[in-house]
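Undergrad: Hey, dropping target_0.txt in here, compact mmCIF, C-alpha atoms:
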```txt
# COMPACT_ATOMS: atom_id res chain seq x y z
CA MET A 1442 -39.40 -15.57 -10.99
CA ALA A 1443 -38.22 -18.98 -9.81
CA THR A 1444 -37.04 -21.61 -12.30
CA PRO A 1445 -36.05 -25.27 -11.73
CA ILE A 1446 -32.82 -26.02 -9.83
CA GLY A 1447 -32.40 -29.22 -11.82
CA ASN A 1448 -35.60 -31.11 -12.53
CA LEU A 1449 -37.58 -29.45 -15.33
CA GLY A 1450 -40.74 -31.00 -13.91
CA ASP A 1451 -40.59 -28.36 -11.18
CA MET A 1452 -41.35 -25.56 -13.66
CA SER A 1453 -44.79 -24.23 -12.73
CA PRO A 1454 -47.56 -23.58 -15.29
CA ARG A 1455 -47.74 -20.00 -14.02
CA ALA A 1456 -44.01 -19.49 -14.66
CA ILE A 1457 -44.34 -20.82 -18.21
CA GLU A 1458 -47.36 -18.61 -18.90
CA THR A 1459 -45.61 -15.56 -17.48
CA LEU A 1460 -42.41 -16.08 -19.48
CA ARG A 1461 -44.45 -16.43 -22.66
CA GLY A 1462 -46.48 -13.33 -21.94
CA VAL A 1463 -43.89 -10.73 -20.89
CA ASP A 1464 -42.16 -8.37 -23.33
CA HIS A 1465 -38.64 -9.18 -22.13
CA ILE A 1466 -36.77 -11.72 -20.00
CA ALA A 1467 -33.75 -10.63 -17.97
CA ALA A 1468 -31.63 -13.74 -17.41
CA GLU A 1469 -28.47 -14.23 -15.35
CA ASP A 1470 -26.89 -16.18 -18.23
CA THR A 1471 -28.77 -16.28 -21.53
CA ARG A 1472 -26.72 -19.30 -22.67
CA HIS A 1473 -27.87 -21.23 -19.61
CA SER A 1474 -31.51 -20.14 -19.81
CA ARG A 1475 -31.97 -20.63 -23.56
CA PRO A 1476 -32.33 -24.45 -23.38
CA LEU A 1477 -34.92 -24.03 -20.60
CA LEU A 1478 -36.99 -21.64 -22.70
CA GLN A 1479 -36.67 -23.82 -25.78
CA HIS A 1480 -37.85 -26.86 -23.81
CA PHE A 1481 -41.09 -25.08 -22.97
CA GLY A 1482 -41.52 -23.40 -26.34
CA ILE A 1483 -40.88 -19.88 -25.01
CA THR A 1484 -39.66 -17.43 -27.65
CA THR A 1485 -39.62 -14.18 -25.64
CA SER A 1486 -36.48 -12.13 -26.23
CA MET A 1487 -33.79 -12.30 -23.56
CA MET A 1488 -31.16 -9.97 -22.24
CA ALA A 1489 -28.33 -10.71 -19.78
CA LEU A 1490 -28.47 -9.32 -16.26
CA HIS A 1491 -25.68 -10.55 -14.00
CA GLU A 1492 -23.46 -9.29 -11.19
CA HIS A 1493 -21.12 -7.48 -13.60
CA ASN A 1494 -23.70 -5.50 -15.56
CA GLU A 1495 -26.72 -5.26 -13.26
CA ARG A 1496 -26.39 -1.59 -12.35
CA GLU A 1497 -25.98 -0.62 -16.00
CA GLN A 1498 -28.84 -2.78 -17.25
CA CYS A 1499 -31.16 -1.59 -14.48
CA GLN A 1500 -31.64 1.77 -16.17
CA ARG A 1501 -32.65 0.14 -19.42
CA ILE A 1502 -35.13 -2.20 -17.71
CA ILE A 1503 -36.60 0.57 -15.55
CA ALA A 1504 -37.20 2.60 -18.71
CA TRP A 1505 -39.09 -0.32 -20.23
CA LEU A 1506 -41.19 -0.76 -17.12
CA ALA A 1507 -41.93 2.95 -16.88
CA ALA A 1508 -43.14 2.83 -20.50
CA GLY A 1509 -45.61 0.07 -19.64
CA GLU A 1510 -43.63 -2.94 -20.86
CA SER A 1511 -43.20 -6.09 -18.76
CA VAL A 1512 -39.98 -7.85 -17.76
CA ALA A 1513 -39.44 -11.24 -16.09
CA LEU A 1514 -36.29 -11.69 -14.01
CA ILE A 1515 -34.79 -15.18 -13.80
CA SER A 1516 -31.50 -16.55 -12.50
CA ASP A 1517 -29.65 -19.65 -13.71
CA ALA A 1518 -31.66 -21.78 -11.28
CA GLY A 1519 -33.97 -21.29 -8.34
CA THR A 1520 -35.24 -17.99 -7.00
CA PRO A 1521 -33.59 -14.68 -8.03
CA LEU A 1522 -31.84 -12.62 -5.33
CA ILE A 1523 -31.18 -15.72 -3.19
CA SER A 1524 -27.39 -15.63 -3.70
CA ASP A 1525 -28.16 -14.53 -7.27
CA PRO A 1526 -28.39 -11.15 -9.06
CA GLY A 1527 -31.46 -8.93 -9.01
CA TYR A 1528 -31.29 -6.95 -5.77
CA HIS A 1529 -30.42 -3.62 -7.38
CA LEU A 1530 -33.11 -3.99 -10.03
CA VAL A 1531 -35.86 -4.92 -7.56
CA ARG A 1532 -34.89 -2.15 -5.16
CA LEU A 1533 -34.77 0.49 -7.89
CA ALA A 1534 -38.12 -0.64 -9.31
CA ARG A 1535 -39.76 -0.40 -5.90
CA GLU A 1536 -38.20 3.01 -5.27
CA ARG A 1537 -39.75 4.19 -8.55
CA GLY A 1538 -43.17 2.88 -7.52
CA LEU A 1539 -43.19 0.15 -10.17
CA ALA A 1540 -44.95 -3.15 -9.54
CA VAL A 1541 -42.76 -6.11 -8.58
CA VAL A 1542 -44.71 -9.38 -8.61
CA PRO A 1543 -43.27 -12.65 -7.22
CA VAL A 1544 -43.75 -15.87 -9.16
CA PRO A 1545 -42.59 -18.40 -6.55
CA GLY A 1546 -41.10 -21.80 -7.14
CA PRO A 1547 -37.97 -23.89 -6.53
CA SER A 1548 -35.30 -22.82 -4.06
CA ALA A 1549 -32.36 -25.01 -2.96
CA LEU A 1550 -32.41 -23.28 0.42
CA ILE A 1551 -36.01 -24.28 1.20
CA ALA A 1552 -35.67 -27.71 -0.41
CA ALA A 1553 -32.74 -28.59 1.85
CA LEU A 1554 -34.44 -27.27 4.97
CA SER A 1555 -37.56 -29.30 4.24
CA VAL A 1556 -35.66 -32.62 4.42
CA ALA A 1557 -33.00 -31.78 7.03
CA GLY A 1558 -34.90 -32.95 10.08
CA LEU A 1559 -33.54 -29.92 11.95
CA PRO A 1560 -35.56 -27.07 13.51
CA THR A 1561 -37.05 -24.86 10.80
CA ASP A 1562 -39.19 -22.54 12.93
CA ARG A 1563 -36.18 -20.22 13.14
CA PHE A 1564 -33.25 -20.32 10.74
CA VAL A 1565 -30.63 -18.00 9.26
CA PHE A 1566 -29.39 -18.14 5.66
CA GLU A 1567 -25.68 -17.30 5.36
CA GLY A 1568 -25.28 -17.95 1.64
CA PHE A 1569 -21.68 -18.59 0.59
CA LEU A 1570 -18.98 -18.27 3.26
CA PRO A 1571 -15.78 -16.35 2.35
CA ALA A 1572 -13.48 -18.21 -0.03
CA LYS A 1573 -10.30 -17.70 1.98
CA GLY A 1574 -9.77 -19.88 5.02
CA ALA A 1575 -9.05 -17.20 7.61
CA ALA A 1576 -12.07 -15.12 6.62
CA ARG A 1577 -14.26 -18.21 6.49
CA ARG A 1578 -13.21 -19.30 9.97
CA GLY A 1579 -13.70 -15.77 11.25
CA ARG A 1580 -17.27 -15.72 9.96
CA LEU A 1581 -17.96 -19.13 11.49
CA GLU A 1582 -16.58 -17.90 14.82
CA ALA A 1583 -19.16 -15.13 14.73
CA LEU A 1584 -21.87 -17.81 14.38
CA VAL A 1585 -20.72 -20.11 17.19
CA ARG A 1586 -23.41 -18.85 19.57
CA GLU A 1587 -26.19 -18.59 16.95
CA THR A 1588 -29.06 -20.77 18.16
CA ARG A 1589 -31.05 -20.72 14.93
CA THR A 1590 -30.51 -23.43 12.33
CA LEU A 1591 -27.74 -22.32 9.93
CA VAL A 1592 -27.99 -22.73 6.16
CA PHE A 1593 -25.06 -22.27 3.76
CA TYR A 1594 -24.38 -22.67 0.04
CA GLU A 1595 -21.01 -24.04 -1.05
CA SER A 1596 -19.18 -24.91 -4.26
CA SER A 1597 -17.51 -28.17 -5.25
CA HIS A 1598 -13.92 -26.91 -4.98
CA ARG A 1599 -14.38 -25.60 -1.43
CA ILE A 1600 -16.75 -28.12 0.15
CA GLY A 1601 -13.98 -30.16 1.80
CA ALA A 1602 -12.21 -27.19 3.36
CA CYS A 1603 -15.53 -25.65 4.37
CA LEU A 1604 -16.61 -28.77 6.26
CA GLU A 1605 -13.23 -29.01 7.98
CA ASP A 1606 -13.53 -25.42 9.18
CA MET A 1607 -17.12 -25.94 10.31
CA ALA A 1608 -16.12 -28.99 12.33
CA GLY A 1609 -13.15 -27.15 13.81
CA VAL A 1610 -15.00 -23.96 14.72
CA LEU A 1611 -18.60 -25.02 15.38
CA GLY A 1612 -17.66 -28.40 16.83
CA GLY A 1613 -17.29 -31.78 15.14
CA GLY A 1614 -20.26 -33.18 17.02
CA ARG A 1615 -22.70 -30.57 15.68
CA GLU A 1616 -25.56 -32.22 13.77
CA ALA A 1617 -25.74 -31.28 10.09
CA LEU A 1618 -27.09 -32.21 6.67
CA LEU A 1619 -25.33 -32.11 3.31
CA ALA A 1620 -27.58 -31.77 0.26
CA ARG A 1621 -25.81 -32.13 -3.09
CA GLU A 1622 -27.24 -31.63 -6.59
CA LEU A 1623 -30.81 -31.30 -5.32
CA THR A 1624 -33.49 -32.52 -7.79
CA LYS A 1625 -30.79 -33.66 -10.25
CA ALA A 1626 -29.77 -37.15 -11.36
CA PHE A 1627 -27.05 -37.55 -8.73
CA GLU A 1628 -28.89 -35.95 -5.82
CA THR A 1629 -27.37 -36.83 -2.43
CA VAL A 1630 -28.87 -35.97 0.95
CA ARG A 1631 -26.92 -37.14 4.00
CA SER A 1632 -27.32 -36.41 7.72
CA ASP A 1633 -24.41 -36.80 10.14
CA THR A 1634 -22.23 -34.82 12.49
CA LEU A 1635 -19.93 -32.22 10.95
CA SER A 1636 -16.96 -34.51 11.63
CA GLY A 1637 -18.76 -37.41 10.01
CA LEU A 1638 -19.64 -35.39 6.91
CA THR A 1639 -16.06 -34.10 6.68
CA GLN A 1640 -14.66 -37.64 6.66
CA TRP A 1641 -17.31 -38.90 4.24
CA VAL A 1642 -16.69 -36.15 1.68
CA ALA A 1643 -12.91 -36.51 2.02
CA GLY A 1644 -13.19 -40.24 1.31
CA ASP A 1645 -15.40 -40.03 -1.79
CA ALA A 1646 -14.42 -37.76 -4.68
CA ASP A 1647 -17.91 -38.06 -6.20
CA GLN A 1648 -19.27 -36.23 -3.15
CA ARG A 1649 -17.09 -33.24 -3.95
CA ARG A 1650 -18.85 -32.55 -7.25
CA GLY A 1651 -21.83 -30.34 -7.95
CA GLU A 1652 -23.64 -27.69 -5.91
CA PHE A 1653 -24.14 -27.97 -2.17
CA VAL A 1654 -26.45 -26.80 0.59
CA LEU A 1655 -25.27 -27.33 4.18
CA VAL A 1656 -27.80 -27.20 7.01
CA VAL A 1657 -26.29 -27.08 10.51
CA ARG A 1658 -28.03 -27.27 13.88
CA GLY A 1659 -27.78 -24.05 15.86
CA ALA A 1660 -25.97 -23.73 19.18
CA ASP A 1661 -27.58 -25.04 22.33
CA GLU A 1662 -29.76 -22.41 24.00
CA LYS A 1663 -27.68 -22.98 27.14
CA PHE A 1664 -24.48 -21.83 25.44
CA GLY A 1665 -22.76 -20.37 28.48
CA ALA A 1666 -20.24 -17.71 29.36
CA GLU A 1667 -17.41 -20.25 29.44
CA ASP A 1668 -18.23 -21.40 25.89
CA ALA A 1669 -18.45 -17.79 24.70
CA GLU A 1670 -15.05 -17.00 26.20
CA GLN A 1671 -13.52 -20.04 24.54
CA ALA A 1672 -15.02 -19.03 21.17
CA ALA A 1673 -13.63 -15.51 21.55
CA GLU A 1674 -10.16 -16.87 22.31
CA GLN A 1675 -10.31 -19.19 19.29
CA THR A 1676 -11.14 -16.23 17.09
CA LEU A 1677 -8.32 -14.23 18.64
CA GLY A 1678 -5.85 -17.04 17.98
CA ILE A 1679 -6.86 -17.30 14.32
CA LEU A 1680 -6.49 -13.55 13.79
CA LEU A 1681 -3.08 -13.44 15.46
CA ALA A 1682 -1.93 -16.41 13.39
CA GLU A 1683 -2.94 -14.50 10.25
CA GLY A 1684 -0.58 -11.69 11.18
CA LEU A 1685 -2.86 -9.07 12.73
CA SER A 1686 -1.32 -6.97 15.48
CA VAL A 1687 -2.35 -7.48 19.09
CA ARG A 1688 -4.50 -4.37 19.02
CA GLN A 1689 -6.13 -5.19 15.67
CA ALA A 1690 -6.80 -8.82 16.59
CA ALA A 1691 -8.40 -7.84 19.90
CA ALA A 1692 -10.64 -5.27 18.21
CA VAL A 1693 -11.78 -7.63 15.43
CA ALA A 1694 -12.31 -10.56 17.82
CA ALA A 1695 -14.39 -8.36 20.12
CA ARG A 1696 -16.52 -7.19 17.21
CA LEU A 1697 -17.08 -10.70 15.86
CA THR A 1698 -17.80 -12.45 19.16
CA GLY A 1699 -19.14 -9.74 21.46
CA GLY A 1700 -16.27 -10.32 23.91
CA SER A 1701 -14.52 -7.65 25.93
CA ARG A 1702 -11.95 -5.80 23.87
CA ASN A 1703 -9.76 -5.04 26.90
CA ARG A 1704 -9.83 -8.64 28.10
CA LEU A 1705 -9.01 -9.94 24.62
CA TYR A 1706 -6.15 -7.45 24.30
CA LYS A 1707 -4.66 -8.68 27.57
CA ARG A 1708 -5.16 -12.27 26.50
CA ALA A 1709 -3.38 -11.60 23.20
CA LEU A 1710 -0.39 -10.28 25.11
CA GLU A 1711 -0.45 -13.40 27.27
CA LEU A 1712 -0.39 -15.57 24.18
CA GLY A 1713 3.03 -14.09 23.42
CA ALA A 1714 2.13 -12.19 20.29
CA GLY A 1715 5.12 -9.94 20.75
CA GLU A 1716 5.70 -6.56 22.32
CA GLY A 1717 5.76 -4.77 18.98
CA GLY A 1718 2.48 -6.28 17.80
CA ASP A 1719 0.20 -3.56 19.18
CA SER A 1720 1.34 -0.85 16.83
```
Using structure tokens, write down the structure that the file contains.
TA:
Amino acid sequence: MATPIGNLGDMSPRAIETLRGVDHIAAEDTRHSRPLLQHFGITTSMMALHEHNEREQCQRIIAWLAAGESVALISDAGTPLISDPGYHLVRLARERGLAVVPVPGPSALIAALSVAGLPTDRFVFEGFLPAKGAARRGRLEALVRETRTLVFYESSHRIGACLEDMAGVLGGGREALLARELTKAFETVRSDTLSGLTQWVAGDADQRRGEFVLVVRGADEKFGAEDAEQAAEQTLGILLAEGLSVRQAAAVAARLTGGSRNRLYKRALELGAGEGGDS
């Protein structure tokens, strides 16, 4: 069941009615959800279901459901399972033939897409990129040729580095939108190139606070063989710089970019990675 991502006015009458009527509420963080329930006069008992206890709590919830009781699943904000817990519970419930009913509502992903002014007929949601720089850049390299609009979530302490890597890997001229603190008091929605957003965030500490959605235009449909080869070589260079052997770097780069493993291996040798690096 979806709950507000900031503005309590986005709580639907159906969501309120459902939370009042179920036997139990499974919440990502009961401390976070309690003020929401109190605001709407909801007194249903809560239990915690988060990434660290989900598998354990699933059995308890499934037993309730099998006995005819009802349970509402909510995350801290927005729609459960969208970069939030709940996947294991929903999958197990469906495997057991138990009813799973959506109660739709707010989602930062959809909210950002709706105002981005970028193509929304086809898009791909990547959630949070890896926290470490090399892994983040490697994932972005794998998306260089993706023509669908790209949507990411990011946290305040990584937004600057994330934008820098996006500009470096996807291209600084790529059109993008940064949506910060959607529906909250300090909501910011800004369109620019990736380079422009990188500079703007770096120059204003206030824009490095809160929760972020990044929407990035996909690659041009005419992305050619020369561009693909360049992307593969960039990936190869990053992997070699991180200490992978020639053989390992070529294999990983080929898997991420779809390039030729043999050609990338030869190119790695040409880059002077060292004769002993293919062990």
Undergrad: Please tell me which residues are no farther than 12 Å from (-34.4, -25.8, 1.6) in the file, counting only C-alpha atoms, and write them as a compact mmCIF listing (two decimals) with C-alpha atoms, keeping the file's coordinate frame.
TA:
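Dumped to point.txt:
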```txt
# COMPACT_ATOMS: atom_id res chain seq x y z
CA ILE A 1446 -32.82 -26.02 -9.83
CA GLY A 1519 -33.97 -21.29 -8.34
CA THR A 1520 -35.24 -17.99 -7.00
CA ILE A 1523 -31.18 -15.72 -3.19
CA GLY A 1546 -41.10 -21.80 -7.14
CA PRO A 1547 -37.97 -23.89 -6.53
CA SER A 1548 -35.30 -22.82 -4.06
CA ALA A 1549 -32.36 -25.01 -2.96
CA LEU A 1550 -32.41 -23.28 0.42
CA ILE A 1551 -36.01 -24.28 1.20
CA ALA A 1552 -35.67 -27.71 -0.41
CA ALA A 1553 -32.74 -28.59 1.85
CA LEU A 1554 -34.44 -27.27 4.97
CA SER A 1555 -37.56 -29.30 4.24
CA VAL A 1556 -35.66 -32.62 4.42
CA ALA A 1557 -33.00 -31.78 7.03
CA GLY A 1558 -34.90 -32.95 10.08
CA LEU A 1559 -33.54 -29.92 11.95
CA THR A 1561 -37.05 -24.86 10.80
CA PHE A 1564 -33.25 -20.32 10.74
CA VAL A 1565 -30.63 -18.00 9.26
CA PHE A 1566 -29.39 -18.14 5.66
CA THR A 1590 -30.51 -23.43 12.33
CA LEU A 1591 -27.74 -22.32 9.93
CA VAL A 1592 -27.99 -22.73 6.16
CA PHE A 1593 -25.06 -22.27 3.76
CA TYR A 1594 -24.38 -22.67 0.04
CA LEU A 1618 -27.09 -32.21 6.67
CA LEU A 1619 -25.33 -32.11 3.31
CA ALA A 1620 -27.58 -31.77 0.26
CA ARG A 1621 -25.81 -32.13 -3.09
CA LEU A 1623 -30.81 -31.30 -5.32
CA THR A 1624 -33.49 -32.52 -7.79
CA VAL A 1630 -28.87 -35.97 0.95
CA PHE A 1653 -24.14 -27.97 -2.17
CA VAL A 1654 -26.45 -26.80 0.59
CA LEU A 1655 -25.27 -27.33 4.18
CA VAL A 1656 -27.80 -27.20 7.01
```
Undergrad: Fewer than 5 positions away in the same chain doesn't count, so skip those; otherwise give me all residues within 10 Å of Arg1496 (chain A), counting all atoms listed in the file, as a list of chain:residue names.
TA: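 With the cut-off at 10 Å, the set is A:Leu1490, A:His1491, A:Arg1501, A:Gly1527, A:Tyr1528, A:His1529, A:Leu1530, A:Leu1533.
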Undergrad: Quick one: distance from CA of Glu1458 (chain A) to CA of Val1542 (chain A) in Å, one decimal?
TA: 14.1 Å
Undergrad: May I have the protein, DNA and RNA residues with any atom at most 6 Å from the point (-29.5, -15.4, -15.5), counting only C-alpha atoms, written as a PDB file with C-alpha atoms, in the frame of the given file?
TA:
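Once written, part_9.pdb looks like this:
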```pdb
ATOM      1  CA  ALA A1468     -31.630 -13.740 -17.410  1.00  0.00           C
ATOM      2  CA  GLU A1469     -28.470 -14.230 -15.350  1.00  0.00           C
ATOM      3  CA  ASP A1470     -26.890 -16.180 -18.230  1.00  0.00           C
ATOM      4  CA  ILE A1515     -34.790 -15.180 -13.800  1.00  0.00           C
ATOM      5  CA  SER A1516     -31.500 -16.550 -12.500  1.00  0.00           C
ATOM      6  CA  ASP A1517     -29.650 -19.650 -13.710  1.00  0.00           C
TER       7      ASP A1517
END
```
Undergrad: List the neighbours of Arg1577 (chain A) out to 9 Å using all atoms listed in the file; skip same-chain residues closer than 6 positions along the sequence, and give me the result as a list in words.
TA: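 My list of contacting residues is Leu1570, Pro1571, Cys1603 and Asp1606 of chain A.
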Undergrad: Grab the CA of Lys1625 (chain A) to CA of Ser1486 (chain A) distance for me, in Å with one decimal place.
TA: 27.4 Å
Undergrad: Would you compute the distance between CA of Arg1475 (chain A) and CA of Arg1649 (chain A)? Give it in Å to one decimal.
TA: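 Between these atoms lies a distance of 27.7 Å.
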Undergrad: Contacts of Leu1449 (chain A) at 10 Å or less, counting all atoms listed in the file, minus same-chain residues fewer than 2 places along, as an NGL selection string?
TA: :A and (1444-1447 or 1451-1453 or 1477 or 1480-1481 or 1624-1625)
Undergrad: Based on the selection just made, write C-alpha atoms of those residues as a PDB file, in the frame of the given file.
TA:
```pdb
ATOM      1  CA  THR A1444     -37.040 -21.610 -12.300  1.00  0.00           C
ATOM      2  CA  PRO A1445     -36.050 -25.270 -11.730  1.00  0.00           C
ATOM      3  CA  ILE A1446     -32.820 -26.020  -9.830  1.00  0.00           C
ATOM      4  CA  GLY A1447     -32.400 -29.220 -11.820  1.00  0.00           C
ATOM      5  CA  ASP A1451     -40.590 -28.360 -11.180  1.00  0.00           C
ATOM      6  CA  MET A1452     -41.350 -25.560 -13.660  1.00  0.00           C
ATOM      7  CA  SER A1453     -44.790 -24.230 -12.730  1.00  0.00           C
ATOM      8  CA  LEU A1477     -34.920 -24.030 -20.600  1.00  0.00           C
ATOM      9  CA  HIS A1480     -37.850 -26.860 -23.810  1.00  0.00           C
ATOM     10  CA  PHE A1481     -41.090 -25.080 -22.970  1.00  0.00           C
ATOM     11  CA  THR A1624     -33.490 -32.520  -7.790  1.00  0.00           C
ATOM     12  CA  LYS A1625     -30.790 -33.660 -10.250  1.00  0.00           C
TER      13      LYS A1625
END
```
Undergrad: Can you complete the atoms of region 1479-1506 of chain A to N, CA and C atoms and list them as a PDB file, in the frame of the given file?
TA:
```pdb
ATOM      1  N   GLN A1479     -36.378 -23.003 -24.605  1.00  0.00           N
ATOM      2  CA  GLN A1479     -36.670 -23.820 -25.780  1.00  0.00           C
ATOM      3  C   GLN A1479     -37.468 -25.069 -25.411  1.00  0.00           C
ATOM      4  N   HIS A1480     -37.148 -25.652 -24.270  1.00  0.00           N
ATOM      5  CA  HIS A1480     -37.850 -26.860 -23.810  1.00  0.00           C
ATOM      6  C   HIS A1480     -39.344 -26.608 -23.649  1.00  0.00           C
ATOM      7  N   PHE A1481     -39.681 -25.397 -23.202  1.00  0.00           N
ATOM      8  CA  PHE A1481     -41.090 -25.080 -22.970  1.00  0.00           C
ATOM      9  C   PHE A1481     -41.698 -24.238 -24.096  1.00  0.00           C
ATOM     10  N   GLY A1482     -40.984 -24.119 -25.192  1.00  0.00           N
ATOM     11  CA  GLY A1482     -41.520 -23.400 -26.340  1.00  0.00           C
ATOM     12  C   GLY A1482     -41.688 -21.914 -26.104  1.00  0.00           C
ATOM     13  N   ILE A1483     -40.809 -21.319 -25.340  1.00  0.00           N
ATOM     14  CA  ILE A1483     -40.880 -19.880 -25.010  1.00  0.00           C
ATOM     15  C   ILE A1483     -39.939 -19.133 -25.925  1.00  0.00           C
ATOM     16  N   THR A1484     -40.463 -18.157 -26.667  1.00  0.00           N
ATOM     17  CA  THR A1484     -39.660 -17.430 -27.650  1.00  0.00           C
ATOM     18  C   THR A1484     -39.434 -15.963 -27.289  1.00  0.00           C
ATOM     19  N   THR A1485     -39.797 -15.573 -26.091  1.00  0.00           N
ATOM     20  CA  THR A1485     -39.620 -14.180 -25.640  1.00  0.00           C
ATOM     21  C   THR A1485     -38.142 -13.801 -25.702  1.00  0.00           C
ATOM     22  N   SER A1486     -37.866 -12.578 -26.121  1.00  0.00           N
ATOM     23  CA  SER A1486     -36.480 -12.130 -26.230  1.00  0.00           C
ATOM     24  C   SER A1486     -35.834 -12.028 -24.850  1.00  0.00           C
ATOM     25  N   MET A1487     -34.536 -12.326 -24.811  1.00  0.00           N
ATOM     26  CA  MET A1487     -33.790 -12.300 -23.560  1.00  0.00           C
ATOM     27  C   MET A1487     -32.678 -11.269 -23.600  1.00  0.00           C
ATOM     28  N   MET A1488     -32.338 -10.797 -22.417  1.00  0.00           N
ATOM     29  CA  MET A1488     -31.160  -9.970 -22.240  1.00  0.00           C
ATOM     30  C   MET A1488     -30.425 -10.490 -21.006  1.00  0.00           C
ATOM     31  N   ALA A1489     -29.121 -10.232 -20.918  1.00  0.00           N
ATOM     32  CA  ALA A1489     -28.330 -10.710 -19.780  1.00  0.00           C
ATOM     33  C   ALA A1489     -28.348  -9.683 -18.653  1.00  0.00           C
ATOM     34  N   LEU A1490     -28.573 -10.158 -17.447  1.00  0.00           N
ATOM     35  CA  LEU A1490     -28.470  -9.320 -16.260  1.00  0.00           C
ATOM     36  C   LEU A1490     -27.757 -10.140 -15.192  1.00  0.00           C
ATOM     37  N   HIS A1491     -26.491  -9.806 -14.957  1.00  0.00           N
ATOM     38  CA  HIS A1491     -25.680 -10.550 -14.000  1.00  0.00           C
ATOM     39  C   HIS A1491     -24.927  -9.585 -13.100  1.00  0.00           C
ATOM     40  N   GLU A1492     -24.106 -10.118 -12.206  1.00  0.00           N
ATOM     41  CA  GLU A1492     -23.460  -9.290 -11.190  1.00  0.00           C
ATOM     42  C   GLU A1492     -22.545  -8.224 -11.782  1.00  0.00           C
ATOM     43  N   HIS A1493     -22.054  -8.429 -13.007  1.00  0.00           N
ATOM     44  CA  HIS A1493     -21.120  -7.480 -13.600  1.00  0.00           C
ATOM     45  C   HIS A1493     -21.796  -6.354 -14.371  1.00  0.00           C
ATOM     46  N   ASN A1494     -23.060  -6.540 -14.757  1.00  0.00           N
ATOM     47  CA  ASN A1494     -23.700  -5.500 -15.560  1.00  0.00           C
ATOM     48  C   ASN A1494     -25.044  -5.033 -14.982  1.00  0.00           C
ATOM     49  N   GLU A1495     -25.384  -5.512 -13.783  1.00  0.00           N
ATOM     50  CA  GLU A1495     -26.720  -5.260 -13.260  1.00  0.00           C
ATOM     51  C   GLU A1495     -27.036  -3.776 -13.126  1.00  0.00           C
ATOM     52  N   ARG A1496     -26.113  -3.023 -12.553  1.00  0.00           N
ATOM     53  CA  ARG A1496     -26.390  -1.590 -12.350  1.00  0.00           C
ATOM     54  C   ARG A1496     -26.613  -0.877 -13.677  1.00  0.00           C
ATOM     55  N   GLU A1497     -25.843  -1.244 -14.676  1.00  0.00           N
ATOM     56  CA  GLU A1497     -25.980  -0.620 -16.000  1.00  0.00           C
ATOM     57  C   GLU A1497     -27.299  -1.014 -16.659  1.00  0.00           C
ATOM     58  N   GLN A1498     -27.637  -2.295 -16.609  1.00  0.00           N
ATOM     59  CA  GLN A1498     -28.840  -2.780 -17.250  1.00  0.00           C
ATOM     60  C   GLN A1498     -30.115  -2.334 -16.532  1.00  0.00           C
ATOM     61  N   CYS A1499     -29.991  -2.025 -15.248  1.00  0.00           N
ATOM     62  CA  CYS A1499     -31.160  -1.590 -14.480  1.00  0.00           C
ATOM     63  C   CYS A1499     -31.852  -0.393 -15.132  1.00  0.00           C
ATOM     64  N   GLN A1500     -31.061   0.561 -15.588  1.00  0.00           N
ATOM     65  CA  GLN A1500     -31.640   1.770 -16.170  1.00  0.00           C
ATOM     66  C   GLN A1500     -32.458   1.451 -17.415  1.00  0.00           C
ATOM     67  N   ARG A1501     -31.955   0.543 -18.202  1.00  0.00           N
ATOM     68  CA  ARG A1501     -32.650   0.140 -19.420  1.00  0.00           C
ATOM     69  C   ARG A1501     -33.971  -0.563 -19.076  1.00  0.00           C
ATOM     70  N   ILE A1502     -33.924  -1.453 -18.100  1.00  0.00           N
ATOM     71  CA  ILE A1502     -35.130  -2.200 -17.710  1.00  0.00           C
ATOM     72  C   ILE A1502     -36.156  -1.273 -17.062  1.00  0.00           C
ATOM     73  N   ILE A1503     -35.693  -0.372 -16.201  1.00  0.00           N
ATOM     74  CA  ILE A1503     -36.600   0.570 -15.550  1.00  0.00           C
ATOM     75  C   ILE A1503     -37.309   1.431 -16.593  1.00  0.00           C
ATOM     76  N   ALA A1504     -36.584   1.809 -17.639  1.00  0.00           N
ATOM     77  CA  ALA A1504     -37.200   2.600 -18.710  1.00  0.00           C
ATOM     78  C   ALA A1504     -38.304   1.806 -19.400  1.00  0.00           C
ATOM     79  N   TRP A1505     -38.054   0.531 -19.640  1.00  0.00           N
ATOM     80  CA  TRP A1505     -39.090  -0.320 -20.230  1.00  0.00           C
ATOM     81  C   TRP A1505     -40.322  -0.388 -19.332  1.00  0.00           C
ATOM     82  N   LEU A1506     -40.081  -0.630 -18.060  1.00  0.00           N
ATOM     83  CA  LEU A1506     -41.190  -0.760 -17.120  1.00  0.00           C
ATOM     84  C   LEU A1506     -41.990   0.543 -17.019  1.00  0.00           C
TER      85      LEU A1506
END
```
